[in-house]
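Since the structure comes first, as structure tokens, the remarks are kept for the end.
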Amino acid sequence: MSYDCDPTFLAEVRRYGKFDVTGCFNCGSCTLSCDLADDHASFPRRSTRQVLMGLRQVVNESLDPWICHDCGDCSKTCPRETEPRAAMMTLRRYLTSVYDWTGIASLINRSKAWHIGSLSFVAIVVFLLIVFYHLWAADMSLPDFKNPMPLEHMFPLITYFTLAVILFPFLILMTNAFRMYLLTVRRKEGSPSSLSRWLLEAKTFFLHFFTYKKMAECPTEKGRWTTHLALGLGCMVMLFLKVFALQWFQTDTLYPLYHPQRWIGYVATAFLIYGTVDILAGRIRKKREIYKDSDFSDWNFPVLLLATAVSGIVVHICRASGLELATHYAYAIHLIIAVPMLVVEMPFGKWTHMIYRPLALYFQSLKVMNLHYQPSSEEIPEYVA
Ligand code: SF4
Ligand code: SF4
């Protein structure tokens with residue numbers, strides 16, 4: 001198979017973040033230091049060389065940037081200080097944009113102004129929806145905005161709204177994940193593996209999606225696994241509660257304190273706060289290699305997640321204390337923070353890593369399986385046999 005060399009490719013990748021590998025003299029120290037590099041994935045050197053050579057299609061079809069678990073060992077050992085870890089992160093941002101059919105990921109990952117603008121735009125839309133809802137659907141006038149009233153007037157409309165702002169971006173993310181499959185597996189490998197092999201290997205996706213196993217195996221950044229596991233579980237449980245168990249919100253009073261649903265929510269919130277605070281503290285301190293260099297998207301996602309968790313706690317405390325007016329305003333602020341995070345970050349921003357990384361490991365394991373696969377005599381066409 002022949003590939004075109006695109007001289008504009010390096011400049012384009014650099015628009016997605018740091019990609020300072022022109023000083024690389026190809027010594028291979030980064031590959032030697034990388035625990036994940038093997039015969040099937042000799043990254044990061046392979047990925048960076050592909051970009052330098054302008055092999056756009058090869059990079060677009062590559063899974064290597066996703067299999068990198070961002071430990072930073074390669075950057076520590078590089079004698080030319082070219083920071084291959086940051087280059088791999090930039091490539092992940094670039095690939096997120098390649099998979100996205102809407103073009104929004106490309107805009108927000110290349111431009112801080114677009115990123116802030118998109119989040120602000122959704123926040124303003126949510127604010128206007130809240131005002132219009134109260135003025136017209138709830139038939140209130142502006143002076144009523146100072147009067148305490150229970151939340152019941154929102155039910156069940158708020159359930160449909162919550163479902164829409166979770167499921168719509170999730171659907172976009174799934175279509176982009178399908179495009180990732182088309183690019184990295186279907187187009188590259190031609191005919192897909194048999195269905196039984198797909199199903200058999202699906203365990204790889206679930207294993208890495210739920211356990212972050214690759215991070216757990218990393219000898220350098222052991223603590224990072226706990227943080228990511230807490231964040232991942234916190235996000236998953238919270239989304240599950242919002243999609244499948246929002247009825248708790250639709251009662252006049254909260255469930256009693258001993259109700260398991262309340263405690264599941266509390267534990268998930270604690271996980272979110274622990275994970276986001278740990279990441280933000282690391283990025284502020286800049287002591288560890290992985291936090292030395294932070295892009296805008298590395299900051300805004302944990303900040304938004306933390307703000308969502310904290311504003312959710314405030315809503316809960318106000319409601320449990322019977323402060324109706326305060327609950328209303330706290331809930332409005334909570335929505336103005338949480339909805340932009342869901343709508344922008346889940347399908348286009350940093351959140352996409354949660355799906356793309358385990359998917360890449362799944363696709364990679366299928367490819368390895370295919371390499372070592374010996375077809376049975378029935379599977380070999382007659383003209384080959
Ligand atoms: S950051 Fe870690 S996993 Fe990623 S390429 Fe470098 S050494 Fe390998
Ligand atoms: S360690 Fe640095 S100079 Fe050596 S191959 Fe890797 S990126 Fe290039």
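Each chain in the structure tokens gets a letter, A, B, ..., in the order shown, and its residues are numbered from 1; ligands are numbered from 1 in order too.
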Surrounding residues of Ala138 (chain A) excluding itself and chain neighbours under 6 positions, 9 Å, only C-alpha atoms, as a short mmCIF file (atom, residue, chain, number, x, y, z; two decimals) with N, CA and C atoms, in the first residue's frame:
```cif
data_model
loop_
_atom_site.label_atom_id
_atom_site.label_comp_id
_atom_site.auth_asym_id
_atom_site.auth_seq_id
_atom_site.Cartn_x
_atom_site.Cartn_y
_atom_site.Cartn_z
N PHE A 132 -36.73 31.87 30.28
CA PHE A 132 -37.95 31.76 29.46
C PHE A 132 -38.90 30.73 30.05
N HIS A 153 -42.72 22.34 40.21
CA HIS A 153 -43.24 22.85 38.94
C HIS A 153 -42.39 22.40 37.75
N MET A 154 -41.15 21.97 38.02
CA MET A 154 -40.25 21.54 36.92
C MET A 154 -40.49 20.10 36.48
#
```
Fewer than 3 positions away in the same chain doesn't count, so skip those; otherwise give me all residues within 12 Å of Asp20 (chain A), counting only C-alpha atoms, as a list in words. Leu10, Ala11, Val13, Arg14, Arg15, Tyr16, Gly17, Gly23, Cys24, Thr48, Arg49, Val51, Leu52, Ser75, Cys78, Arg80, Glu81, Thr82, Glu83, Pro84, Arg85, Ala86, Ala87, Met88, Met89, Thr90 and Leu91 of chain A
Among the residues of region 81-276 of chain A, find those DSSP assigns to helix (DSSP H, G or I) from the backbone and print them as JSON, numbers by chain. {"A": [84, 85, 86, 87, 88, 89, 90, 91, 92, 93, 94, 95, 96, 97, 98, 99, 104, 105, 106, 107, 108, 109, 110, 112, 113, 114, 115, 116, 117, 118, 119, 120, 121, 122, 123, 124, 125, 126, 127, 128, 129, 130, 131, 132, 133, 134, 135, 136, 137, 142, 143, 144, 145, 146, 151, 152, 153, 154, 157, 158, 159, 160, 161, 162, 163, 164, 165, 166, 167, 168, 169, 170, 171, 172, 173, 174, 175, 176, 177, 178, 179, 180, 181, 182, 183, 184, 185, 186, 187, 188, 189, 195, 196, 197, 198, 199, 200, 201, 202, 203, 204, 205, 206, 207, 208, 209, 210, 211, 213, 214, 215, 216, 217, 222, 223, 224, 225, 226, 227, 228, 229, 230, 231, 232, 233, 234, 235, 236, 237, 238, 239, 240, 241, 242, 243, 244, 246, 247, 248, 249, 250, 260, 261, 262, 263, 264, 265, 266, 267, 268, 269, 270, 271, 272, 273, 274, 275, 276]}
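Listed by chain and then residue number, the contacts of ligand 1 are Ser33, Cys34, Leu36, Phe43, Pro44, Cys68, His69, Asp70, Cys71, Gly72, Asp73, Cys74 and Arg85 of chain A (distance at most 6 Å, using only C-alpha atoms and all ligand atoms).
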What does the file look like for those residues with C-alpha atoms, as a short mmCIF file (atom, residue, chain, number, x, y, z; two decimals), in the first residue's frame?
```
data_model
loop_
_atom_site.label_atom_id
_atom_site.label_comp_id
_atom_site.auth_asym_id
_atom_site.auth_seq_id
_atom_site.Cartn_x
_atom_site.Cartn_y
_atom_site.Cartn_z
CA SER A 33 11.85 3.87 28.19
CA CYS A 34 8.24 3.21 27.17
CA LEU A 36 4.10 -0.17 26.24
CA PHE A 43 5.71 4.43 20.00
CA PRO A 44 6.29 7.27 20.61
CA CYS A 68 0.08 5.65 25.21
CA HIS A 69 -1.00 6.03 28.84
CA ASP A 70 0.68 9.41 29.23
CA CYS A 71 3.20 8.44 31.92
CA GLY A 72 5.92 10.85 30.78
CA ASP A 73 8.87 8.40 30.93
CA CYS A 74 9.78 9.16 27.32
CA ARG A 85 4.72 12.75 25.86
#
```
Skipping near chain neighbours, those fewer than 2 positions away, what residues fall within 12 Å of region 298-302 of chain A using only C-alpha atoms, listed as a CSV table (one decimal) with N, CA, C and O atoms, in the first residue's frame?
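Output file selection.csv follows:
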```
chain,number,residue,atom,x,y,z
A,17,GLY,N,-1.5,21.7,19.6
A,17,GLY,CA,-0.8,21.7,20.9
A,17,GLY,C,0.7,21.5,20.6
A,17,GLY,O,1.2,21.7,19.5
A,86,ALA,N,4.2,15.1,25.4
A,86,ALA,CA,3.3,16.1,24.9
A,86,ALA,C,2.9,16.0,23.5
A,86,ALA,O,1.8,16.3,23.1
A,89,MET,N,0.1,13.5,23.3
A,89,MET,CA,-1.1,14.2,23.8
A,89,MET,C,-1.7,15.0,22.6
A,89,MET,O,-2.9,15.0,22.4
A,90,THR,N,-0.8,15.8,22.0
A,90,THR,CA,-1.3,16.6,20.8
A,90,THR,C,-1.9,15.7,19.7
A,90,THR,O,-2.9,16.1,19.2
A,93,ARG,N,-5.4,14.9,20.6
A,93,ARG,CA,-6.3,15.9,20.3
A,93,ARG,C,-6.6,16.0,18.8
A,93,ARG,O,-7.8,16.2,18.3
A,108,ILE,N,-12.6,23.5,18.7
A,108,ILE,CA,-12.3,23.7,20.1
A,108,ILE,C,-10.9,23.2,20.5
A,108,ILE,O,-10.3,23.7,21.4
A,109,ASN,N,-10.4,22.2,19.8
A,109,ASN,CA,-9.1,21.6,20.2
A,109,ASN,C,-7.9,22.5,19.6
A,109,ASN,O,-6.8,22.4,20.0
A,112,LYS,N,-8.4,28.2,21.7
A,112,LYS,CA,-8.9,28.4,23.1
A,112,LYS,C,-10.1,29.3,23.0
A,112,LYS,O,-11.1,29.1,23.7
A,115,HIS,N,-13.0,27.2,22.1
A,115,HIS,CA,-13.4,26.4,23.2
A,115,HIS,C,-14.2,27.1,24.3
A,115,HIS,O,-15.3,26.7,24.7
A,116,ILE,N,-13.6,28.3,24.7
A,116,ILE,CA,-14.3,29.1,25.7
A,116,ILE,C,-15.7,29.6,25.1
A,116,ILE,O,-16.7,29.6,25.8
A,119,LEU,N,-18.3,26.8,25.2
A,119,LEU,CA,-18.8,26.6,26.5
A,119,LEU,C,-19.7,27.7,26.9
A,119,LEU,O,-20.8,27.5,27.5
A,227,THR,N,-6.6,8.1,40.9
A,227,THR,CA,-7.3,9.3,40.5
A,227,THR,C,-8.2,9.1,39.3
A,227,THR,O,-9.4,9.5,39.3
A,228,HIS,N,-7.7,8.4,38.3
A,228,HIS,CA,-8.5,8.2,37.1
A,228,HIS,C,-9.6,7.2,37.4
A,228,HIS,O,-10.7,7.4,36.8
A,231,LEU,N,-12.3,9.2,39.2
A,231,LEU,CA,-13.0,10.1,38.2
A,231,LEU,C,-13.9,9.3,37.3
A,231,LEU,O,-15.0,9.7,37.1
A,232,GLY,N,-13.4,8.2,36.7
A,232,GLY,CA,-14.1,7.4,35.8
A,232,GLY,C,-15.4,6.8,36.5
A,232,GLY,O,-16.5,7.0,35.9
A,235,CYS,N,-17.9,9.6,37.3
A,235,CYS,CA,-18.7,10.1,36.2
A,235,CYS,C,-19.7,9.1,35.8
A,235,CYS,O,-20.9,9.4,35.5
A,272,LEU,N,-15.6,12.1,42.5
A,272,LEU,CA,-15.4,13.2,41.5
A,272,LEU,C,-14.5,14.3,42.1
A,272,LEU,O,-13.6,14.9,41.5
A,273,ILE,N,-14.8,14.7,43.4
A,273,ILE,CA,-14.0,15.7,44.0
A,273,ILE,C,-12.6,15.3,44.3
A,273,ILE,O,-11.7,16.1,44.0
A,274,TYR,N,-12.4,14.1,44.8
A,274,TYR,CA,-11.1,13.6,45.0
A,274,TYR,C,-10.3,13.6,43.7
A,274,TYR,O,-9.1,14.1,43.6
A,275,GLY,N,-10.9,13.0,42.6
A,275,GLY,CA,-10.1,12.9,41.3
A,275,GLY,C,-9.8,14.3,40.8
A,275,GLY,O,-8.6,14.5,40.3
A,276,THR,N,-10.8,15.2,40.7
A,276,THR,CA,-10.5,16.5,40.1
A,276,THR,C,-9.5,17.3,41.0
A,276,THR,O,-8.6,18.0,40.4
A,277,VAL,N,-9.6,17.3,42.3
A,277,VAL,CA,-8.7,18.1,43.1
A,277,VAL,C,-7.3,17.6,43.0
A,277,VAL,O,-6.4,18.3,42.9
A,278,ASP,N,-7.2,16.2,43.0
A,278,ASP,CA,-5.8,15.7,42.8
A,278,ASP,C,-5.2,16.1,41.5
A,278,ASP,O,-4.0,16.5,41.5
A,279,ILE,N,-5.9,16.1,40.4
A,279,ILE,CA,-5.4,16.4,39.1
A,279,ILE,C,-5.0,17.9,39.1
A,279,ILE,O,-4.0,18.3,38.7
A,280,LEU,N,-6.0,18.8,39.6
A,280,LEU,CA,-5.7,20.2,39.6
A,280,LEU,C,-4.5,20.6,40.5
A,280,LEU,O,-3.7,21.4,40.1
A,281,ALA,N,-4.4,19.9,41.6
A,281,ALA,CA,-3.3,20.2,42.5
A,281,ALA,C,-2.0,19.8,41.8
A,281,ALA,O,-1.0,20.6,41.9
A,282,GLY,N,-2.0,18.7,41.1
A,282,GLY,CA,-0.8,18.2,40.4
A,282,GLY,C,-0.4,19.2,39.3
A,282,GLY,O,0.8,19.5,39.1
A,283,ARG,N,-1.4,19.7,38.6
A,283,ARG,CA,-1.1,20.7,37.5
A,283,ARG,C,-0.6,22.0,38.1
A,283,ARG,O,0.2,22.7,37.5
A,284,ILE,N,-1.1,22.4,39.2
A,284,ILE,CA,-0.6,23.7,39.9
A,284,ILE,C,0.8,23.5,40.3
A,284,ILE,O,1.7,24.3,40.1
A,290,ILE,N,4.1,14.4,34.1
A,290,ILE,CA,2.8,14.4,33.4
A,290,ILE,C,2.1,15.7,33.6
A,290,ILE,O,1.1,16.0,32.9
A,291,TYR,N,2.4,16.5,34.6
A,291,TYR,CA,1.7,17.8,34.9
A,291,TYR,C,2.5,19.0,34.6
A,291,TYR,O,2.1,20.1,34.8
A,292,LYS,N,3.7,18.8,34.0
A,292,LYS,CA,4.6,19.9,33.8
A,292,LYS,C,4.1,20.9,32.7
A,292,LYS,O,4.2,22.1,32.8
A,293,ASP,N,3.4,20.3,31.8
A,293,ASP,CA,2.9,21.0,30.6
A,293,ASP,C,1.4,20.8,30.4
A,293,ASP,O,1.0,19.8,30.1
A,294,SER,N,0.6,21.9,30.7
A,294,SER,CA,-0.8,21.7,30.6
A,294,SER,C,-1.4,22.6,29.6
A,294,SER,O,-1.2,23.8,29.5
A,295,ASP,N,-2.2,22.0,28.7
A,295,ASP,CA,-3.0,22.7,27.7
A,295,ASP,C,-4.3,23.2,28.3
A,295,ASP,O,-4.7,22.8,29.4
A,296,PHE,N,-4.9,24.1,27.6
A,296,PHE,CA,-6.2,24.7,28.2
A,296,PHE,C,-7.2,23.6,28.5
A,296,PHE,O,-7.9,23.6,29.5
A,304,LEU,N,-14.4,22.2,35.3
A,304,LEU,CA,-15.8,22.1,35.1
A,304,LEU,C,-16.5,21.0,35.9
A,304,LEU,O,-17.5,21.1,36.5
A,305,LEU,N,-15.7,19.9,35.9
A,305,LEU,CA,-16.2,18.7,36.7
A,305,LEU,C,-16.3,19.0,38.2
A,305,LEU,O,-17.3,18.7,38.8
A,306,LEU,N,-15.3,19.7,38.7
A,306,LEU,CA,-15.3,20.0,40.1
A,306,LEU,C,-16.4,21.0,40.4
A,306,LEU,O,-17.1,20.9,41.4
A,307,ALA,N,-16.5,22.0,39.5
A,307,ALA,CA,-17.6,23.0,39.7
A,307,ALA,C,-19.0,22.4,39.7
A,307,ALA,O,-19.9,22.7,40.4
A,308,THR,N,-19.1,21.4,38.8
A,308,THR,CA,-20.4,20.7,38.7
A,308,THR,C,-20.7,19.9,40.0
A,308,THR,O,-21.8,20.0,40.5
A,309,ALA,N,-19.7,19.2,40.5
A,309,ALA,CA,-19.8,18.5,41.7
A,309,ALA,C,-20.2,19.4,42.9
A,309,ALA,O,-21.1,19.1,43.7
A,337,ILE,N,-23.4,25.3,34.6
A,337,ILE,CA,-22.1,24.8,34.6
A,337,ILE,C,-22.1,23.4,34.0
A,337,ILE,O,-21.3,23.0,33.1
A,338,ALA,N,-23.0,22.5,34.4
A,338,ALA,CA,-23.0,21.1,34.0
A,338,ALA,C,-23.4,20.9,32.6
A,338,ALA,O,-22.7,20.0,31.9
A,340,PRO,N,-23.0,22.8,29.7
A,340,PRO,CA,-21.9,23.0,28.7
A,340,PRO,C,-20.9,22.0,28.8
A,340,PRO,O,-20.3,21.5,27.8
A,341,MET,N,-20.6,21.5,30.0
A,341,MET,CA,-19.5,20.5,30.2
A,341,MET,C,-20.0,19.2,29.4
A,341,MET,O,-19.2,18.6,28.7
A,342,LEU,N,-21.2,18.8,29.6
A,342,LEU,CA,-21.7,17.6,29.0
A,342,LEU,C,-21.8,17.8,27.5
A,342,LEU,O,-21.3,16.9,26.7
A,344,VAL,N,-20.3,20.0,25.4
A,344,VAL,CA,-19.1,20.3,24.7
A,344,VAL,C,-18.0,19.3,25.0
A,344,VAL,O,-17.3,18.8,24.0
A,345,GLU,N,-17.8,18.9,26.2
A,345,GLU,CA,-16.6,18.1,26.6
A,345,GLU,C,-16.9,16.6,26.3
A,345,GLU,O,-15.9,15.9,25.9
A,346,MET,N,-18.1,16.1,26.4
A,346,MET,CA,-18.3,14.7,26.2
A,346,MET,C,-18.1,14.2,24.8
A,346,MET,O,-17.3,13.3,24.6
A,348,PHE,N,-16.7,16.2,22.2
A,348,PHE,CA,-15.6,16.8,21.4
A,348,PHE,C,-14.3,17.1,22.2
A,348,PHE,O,-13.3,17.3,21.7
A,349,GLY,N,-14.4,17.1,23.5
A,349,GLY,CA,-13.2,17.5,24.3
A,349,GLY,C,-12.5,16.4,25.0
A,349,GLY,O,-12.5,15.2,24.5
A,350,LYS,N,-11.9,16.7,26.2
A,350,LYS,CA,-11.1,15.7,26.9
A,350,LYS,C,-11.8,14.4,27.3
A,350,LYS,O,-11.3,13.4,27.4
A,351,TRP,N,-13.1,14.6,27.5
A,351,TRP,CA,-13.9,13.4,28.0
A,351,TRP,C,-13.9,12.3,27.0
A,351,TRP,O,-14.1,11.1,27.4
A,352,THR,N,-13.7,12.6,25.7
A,352,THR,CA,-13.7,11.6,24.7
A,352,THR,C,-12.7,10.4,25.0
A,352,THR,O,-12.9,9.3,24.5
A,353,HIS,N,-11.6,10.8,25.7
A,353,HIS,CA,-10.5,9.8,26.0
A,353,HIS,C,-11.1,8.6,26.7
A,353,HIS,O,-10.6,7.5,26.6
```
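All residues of protein, DNA or RNA that reach within 12 Å of region 157-160 of chain A, judged by only C-alpha atoms and not counting those fewer than 5 positions away in the chain, are Leu129, Ile130, Tyr133, Ala137, Ala138, Leu151, Glu152, Val165, Ile166, Leu167, Phe168, Leu241, Lys242, Val243, Phe244, Ala245, Leu246, Gln247, Trp248, Phe249, Gln250, Tyr331, Ala332 and Leu335 of chain A.
Excluding Asp6 (chain A) itself and same-chain residues fewer than 5 positions from it, the residues having an atom within 10 Å of it are Val51, Leu52, Met53, Gly54, Leu55, Arg56 and Gln57 of chain A, counting only C-alpha atoms.
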Could you write those residues out with N, CA and C atoms, as a PDB file, in the first residue's frame?
```pdb
ATOM      1  N   VAL A  51       4.526  11.776  11.646  1.00  0.00           N
ATOM      2  CA  VAL A  51       4.073  13.165  11.464  1.00  0.00           C
ATOM      3  C   VAL A  51       5.145  13.961  10.732  1.00  0.00           C
ATOM      4  N   LEU A  52       6.402  13.790  11.144  1.00  0.00           N
ATOM      5  CA  LEU A  52       7.496  14.531  10.492  1.00  0.00           C
ATOM      6  C   LEU A  52       7.579  14.200   9.001  1.00  0.00           C
ATOM      7  N   MET A  53       7.233  12.962   8.646  1.00  0.00           N
ATOM      8  CA  MET A  53       7.289  12.556   7.236  1.00  0.00           C
ATOM      9  C   MET A  53       6.013  12.931   6.479  1.00  0.00           C
ATOM     10  N   GLY A  54       5.055  13.525   7.182  1.00  0.00           N
ATOM     11  CA  GLY A  54       3.830  13.978   6.511  1.00  0.00           C
ATOM     12  C   GLY A  54       2.875  12.857   6.158  1.00  0.00           C
ATOM     13  N   LEU A  55       2.957  11.735   6.884  1.00  0.00           N
ATOM     14  CA  LEU A  55       2.101  10.587   6.560  1.00  0.00           C
ATOM     15  C   LEU A  55       0.731  10.728   7.241  1.00  0.00           C
ATOM     16  N   ARG A  56      -0.044  11.632   6.729  1.00  0.00           N
ATOM     17  CA  ARG A  56      -1.337  11.958   7.334  1.00  0.00           C
ATOM     18  C   ARG A  56      -2.236  10.732   7.466  1.00  0.00           C
ATOM     19  N   GLN A  57      -2.363   9.985   6.386  1.00  0.00           N
ATOM     20  CA  GLN A  57      -3.285   8.847   6.413  1.00  0.00           C
ATOM     21  C   GLN A  57      -2.829   7.776   7.402  1.00  0.00           C
TER      22      GLN A  57
END
```
Figure out the distance between CA of Thr31 (chain A) and CA of Cys218 (chain A), please, to one decimal in Å.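 Result for CA of Cys218 (chain A) versus CA of Thr31 (chain A): 14.9 Å, one decimal.
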